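*Asks:* Got a structure for you, questions after.
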Amino acid sequence: MRDLAARQRVRARLVRGNMKDLSVFKDASFDVVWHCHSLVFIDDAVRVLKEVGRVLAPGGTYLLSTMHPTTLRLYGSFKDGGWRPKISYFVDRPVPYLSEWDMTWTLGKKKLVAPTIEFGHRFETIVNGMVAGGMLVDGIWEFSPGPPEPHPEPGSDAHLDTLFPAFIEVRGRKLAAGALPLHTPRAARSAAAAKGTSRPRGR
Ligand SMILES: C[S@@+](CC[C@H](N)C(=O)[O-])C[C@H]1O[C@@H](n2cnc3c(N)ncnc32)[C@H](O)[C@@H]1O
């Protein structure tokens, strides 16, 4: 970050803190919040997303990348030829580790065993959290690190990344106060369920 700022000849102020509490920053004080690969370590994603919305200026852009909520539940779970989610998609607990291999991070030639607590925040948590922060979501992308290995070992992380996206990226724009009537989609979803909406089968 410092190197990039020096190369671009821009002044950068680095602040160390917990993303759950951005009170050091004033309301509407940023035009862009770029949030790379760290929401996965946070238990309360909505609290962070509301803080992001508070510090973003109207019209400002938020770009979030984090682990794909489905794929994160599958790493290291390959057994007897199939992938078995370690927890249900509907459970918000940290994703458990099954073995030491599962908690080993590769840093170049070094391997580090670190049982980091990770949360696979669901799409509805992220999108509705951004809405709660006064943002309009205007882009979602799903991707794996590339290029893919040509013949990944069955059951490996590289194999899983060819089947499901490793990461998601979500973009939001901070709305001006009163620009759109924001509502939570949860009410609409329960209304549809009450009418007996069912999953299409047998096609
Ligand atoms: C996987 S690294 C990503 C670093 C960098 N954003 C990037 O994309 O290269 C995760 C980072 O999240 C930071 N982190 C974890 N929990 C945090 C928290 N509660 N508040 C702020 N940063 C946190 C860690 O210190 C670490 O630097």
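Ligands are numbered from 1 in the order shown, chains are lettered A, B, ... in the order of the structure tokens, and residues start at 1 in each chain.
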Can you list, as a PyMOL selection string, every residue of region 13-170 of chain A that DSSP puts in alpha helix (DSSP H)?

*Replies:* chain A and resi 45-55+69-72+123-132+157-163

*Asks:* Do you know which residues are within 12 Å of ligand 1 using only C-alpha atoms and all ligand atoms? Can you write them as a PyMOL selection string?

*Replies:* chain A and resi 1+15-22+33-45+47-48+63-67+105+107+116-119+167

*Asks:* If you count only C-alpha atoms, which residues fall within 6 Å of region 99-104 of chain A, apart from same-chain ones fewer than 3 positions away, as an mmCIF file with N, CA and C atoms, in the first residue's frame?

*Replies:*
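Heads up, here's the output in around_35.cif:
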data_model
loop_
_atom_site.group_PDB
_atom_site.id
_atom_site.type_symbol
_atom_site.label_atom_id
_atom_site.label_comp_id
_atom_site.auth_asym_id
_atom_site.auth_seq_id
_atom_site.Cartn_x
_atom_site.Cartn_y
_atom_site.Cartn_z
ATOM 1 N N GLY A 76 -11.924 -28.962 1.580
ATOM 2 C CA GLY A 76 -11.433 -30.038 2.445
ATOM 3 C C GLY A 76 -12.485 -31.081 2.787
ATOM 4 N N LEU A 112 1.964 -22.626 6.863
ATOM 5 C CA LEU A 112 1.669 -22.124 8.202
ATOM 6 C C LEU A 112 0.351 -22.741 8.677
ATOM 7 N N VAL A 113 0.398 -23.386 9.853
ATOM 8 C CA VAL A 113 -0.832 -23.958 10.407
ATOM 9 C C VAL A 113 -1.485 -22.902 11.290
ATOM 10 N N ALA A 114 -2.639 -22.420 10.874
ATOM 11 C CA ALA A 114 -3.310 -21.335 11.611
ATOM 12 C C ALA A 114 -4.820 -21.560 11.542
ATOM 13 N N PRO A 115 -5.415 -22.050 12.628
ATOM 14 C CA PRO A 115 -6.853 -22.308 12.612
ATOM 15 C C PRO A 115 -7.673 -21.013 12.692
#

*Asks:* Which neighbours of His68 (chain A) fall inside 7 Å, counting only C-alpha atoms, when residues of the same chain fewer than 3 positions from it are skipped, and could you give them as a VMD selection string?

*Replies:* chain A and resid 71 to 72 120 165 to 168

*Asks:* Smallest atom-to-atom distance to His121 (chain A): which of A:Thr70, A:Ser29, A:Ser77, A:Thr61, using only C-alpha atoms?

*Replies:*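 Using only C-alpha atoms, the shortest distance to His121 (chain A) belongs to A:Thr70.
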
*Asks:* Taking the DSSP assignment computed from this structure's backbone, write out as a PyMOL selection string all residues of chain A that belong to strand (DSSP E).

*Replies:* chain A and resi 30-36+56-67+78-79+82-83+104-107+110-113+135-143+167-174

*Asks:* Go ahead and compute the interatomic distance for CA of Asp27 (chain A) and CA of Arg9 (chain A), in Å to one decimal.

*Replies:*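 CA of Arg9 (chain A) lies 26.8 Å from CA of Asp27 (chain A).
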
*Asks:* Need the shell around Leu160 (chain A): protein/DNA/RNA residues with any atom at most 8 Å away, counting only C-alpha atoms. Skip same-chain ones fewer than 3 positions apart. Format as a list in words?

*Replies:* Thr71, Leu74, Tyr75, Gly155, Ser156, Asp157, Leu163 and Phe164 of chain A

*Asks:* Could you check the closest approach to Asn128 (chain A) for each of A:Val170, A:Ala179, A:Ala28, A:Ala57 and tell me which residue wins, using only C-alpha atoms?

*Replies:*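 Answer, going by the shortest atom-to-atom distance: A:Val170.
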
*Asks:* Hey, can you check how far CA of Asp138 (chain A) sits from CA of Glu169 (chain A)?

*Replies:*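 Here the two named atoms are 11.1 Å from each other.
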
*Asks:* Could you check the closest approach to Gly60 (chain A) for each of A:Tyr89, A:Trp83, A:Phe30, A:Phe78 and tell me which residue wins, using only C-alpha atoms?

*Replies:*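 Counting only C-alpha atoms, the residue closest to Gly60 (chain A) is A:Phe30.
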
*Asks:* Could you name the residues that touch region 130-134 of chain A at 9 Å or less, counting only C-alpha atoms, but leaving out those on the same chain fewer than 4 positions away, as a JSON list (two decimals) with N, CA and C atoms, in the first residue's frame?

*Replies:*
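Produced file part-v1.json, reproduced below:
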[["chain", "number", "residue", "atom", "x", "y", "z"],
["A", 46, "VAL", "N", -23.09, -7.48, 9.02],
["A", 46, "VAL", "CA", -24.03, -6.37, 8.83],
["A", 46, "VAL", "C", -23.52, -5.12, 9.55],
["A", 47, "ARG", "N", -22.94, -5.31, 10.73],
["A", 47, "ARG", "CA", -22.39, -4.17, 11.48],
["A", 47, "ARG", "C", -21.32, -3.46, 10.65],
["A", 49, "LEU", "N", -20.99, -3.57, 7.31],
["A", 49, "LEU", "CA", -21.58, -2.99, 6.09],
["A", 49, "LEU", "C", -22.32, -1.69, 6.41],
["A", 50, "LYS", "N", -22.94, -1.63, 7.60],
["A", 50, "LYS", "CA", -23.60, -0.37, 8.01],
["A", 50, "LYS", "C", -22.56, 0.72, 8.25],
["A", 51, "GLU", "N", -21.43, 0.33, 8.84],
["A", 51, "GLU", "CA", -20.36, 1.31, 9.07],
["A", 51, "GLU", "C", -19.81, 1.83, 7.74],
["A", 52, "VAL", "N", -19.64, 0.90, 6.77],
["A", 52, "VAL", "CA", -19.17, 1.32, 5.44],
["A", 52, "VAL", "C", -20.15, 2.32, 4.85],
["A", 53, "GLY", "N", -21.46, 2.01, 4.93],
["A", 53, "GLY", "CA", -22.47, 2.92, 4.40],
["A", 53, "GLY", "C", -22.43, 4.28, 5.07],
["A", 54, "ARG", "N", -22.15, 4.28, 6.35],
["A", 54, "ARG", "CA", -22.10, 5.56, 7.09],
["A", 54, "ARG", "C", -20.94, 6.44, 6.61],
["A", 125, "THR", "N", -27.14, -11.91, 3.40],
["A", 125, "THR", "CA", -26.56, -11.11, 4.50],
["A", 125, "THR", "C", -25.81, -9.92, 3.91],
["A", 126, "ILE", "N", -25.02, -10.19, 2.87],
["A", 126, "ILE", "CA", -24.20, -9.12, 2.29],
["A", 126, "ILE", "C", -25.06, -8.08, 1.57],
["A", 172, "GLY", "N", -21.49, -1.69, -4.56],
["A", 172, "GLY", "CA", -22.63, -0.89, -4.13],
["A", 172, "GLY", "C", -22.37, 0.59, -4.33],
["A", 173, "ARG", "N", -23.45, 1.35, -4.48],
["A", 173, "ARG", "CA", -23.34, 2.82, -4.57],
["A", 173, "ARG", "C", -24.15, 3.41, -3.42],
["A", 174, "LYS", "N", -23.56, 4.35, -2.73],
["A", 174, "LYS", "CA", -24.27, 4.98, -1.61],
["A", 174, "LYS", "C", -25.29, 5.96, -2.19],
["A", 175, "LEU", "N", -26.53, 5.76, -1.77],
["A", 175, "LEU", "CA", -27.61, 6.62, -2.26],
["A", 175, "LEU", "C", -27.64, 7.93, -1.48],
["A", 176, "ALA", "N", -28.15, 8.96, -2.15],
["A", 176, "ALA", "CA", -28.42, 10.20, -1.42],
["A", 176, "ALA", "C", -29.61, 9.95, -0.51],
["A", 177, "ALA", "N", -29.65, 10.62, 0.64],
["A", 177, "ALA", "CA", -30.75, 10.40, 1.58],
["A", 177, "ALA", "C", -32.09, 10.61, 0.87],
["A", 182, "LEU", "N", -35.94, 2.46, 0.46],
["A", 182, "LEU", "CA", -35.28, 1.17, 0.67],
["A", 182, "LEU", "C", -36.15, 0.30, 1.57],
["A", 183, "HIS", "N", -36.30, -0.94, 1.20],
["A", 183, "HIS", "CA", -37.01, -1.87, 2.07],
["A", 183, "HIS", "C", -36.25, -3.18, 2.09],
["A", 184, "THR", "N", -36.47, -3.97, 3.14],
["A", 184, "THR", "CA", -35.78, -5.25, 3.20],
["A", 184, "THR", "C", -36.55, -6.30, 2.41]]
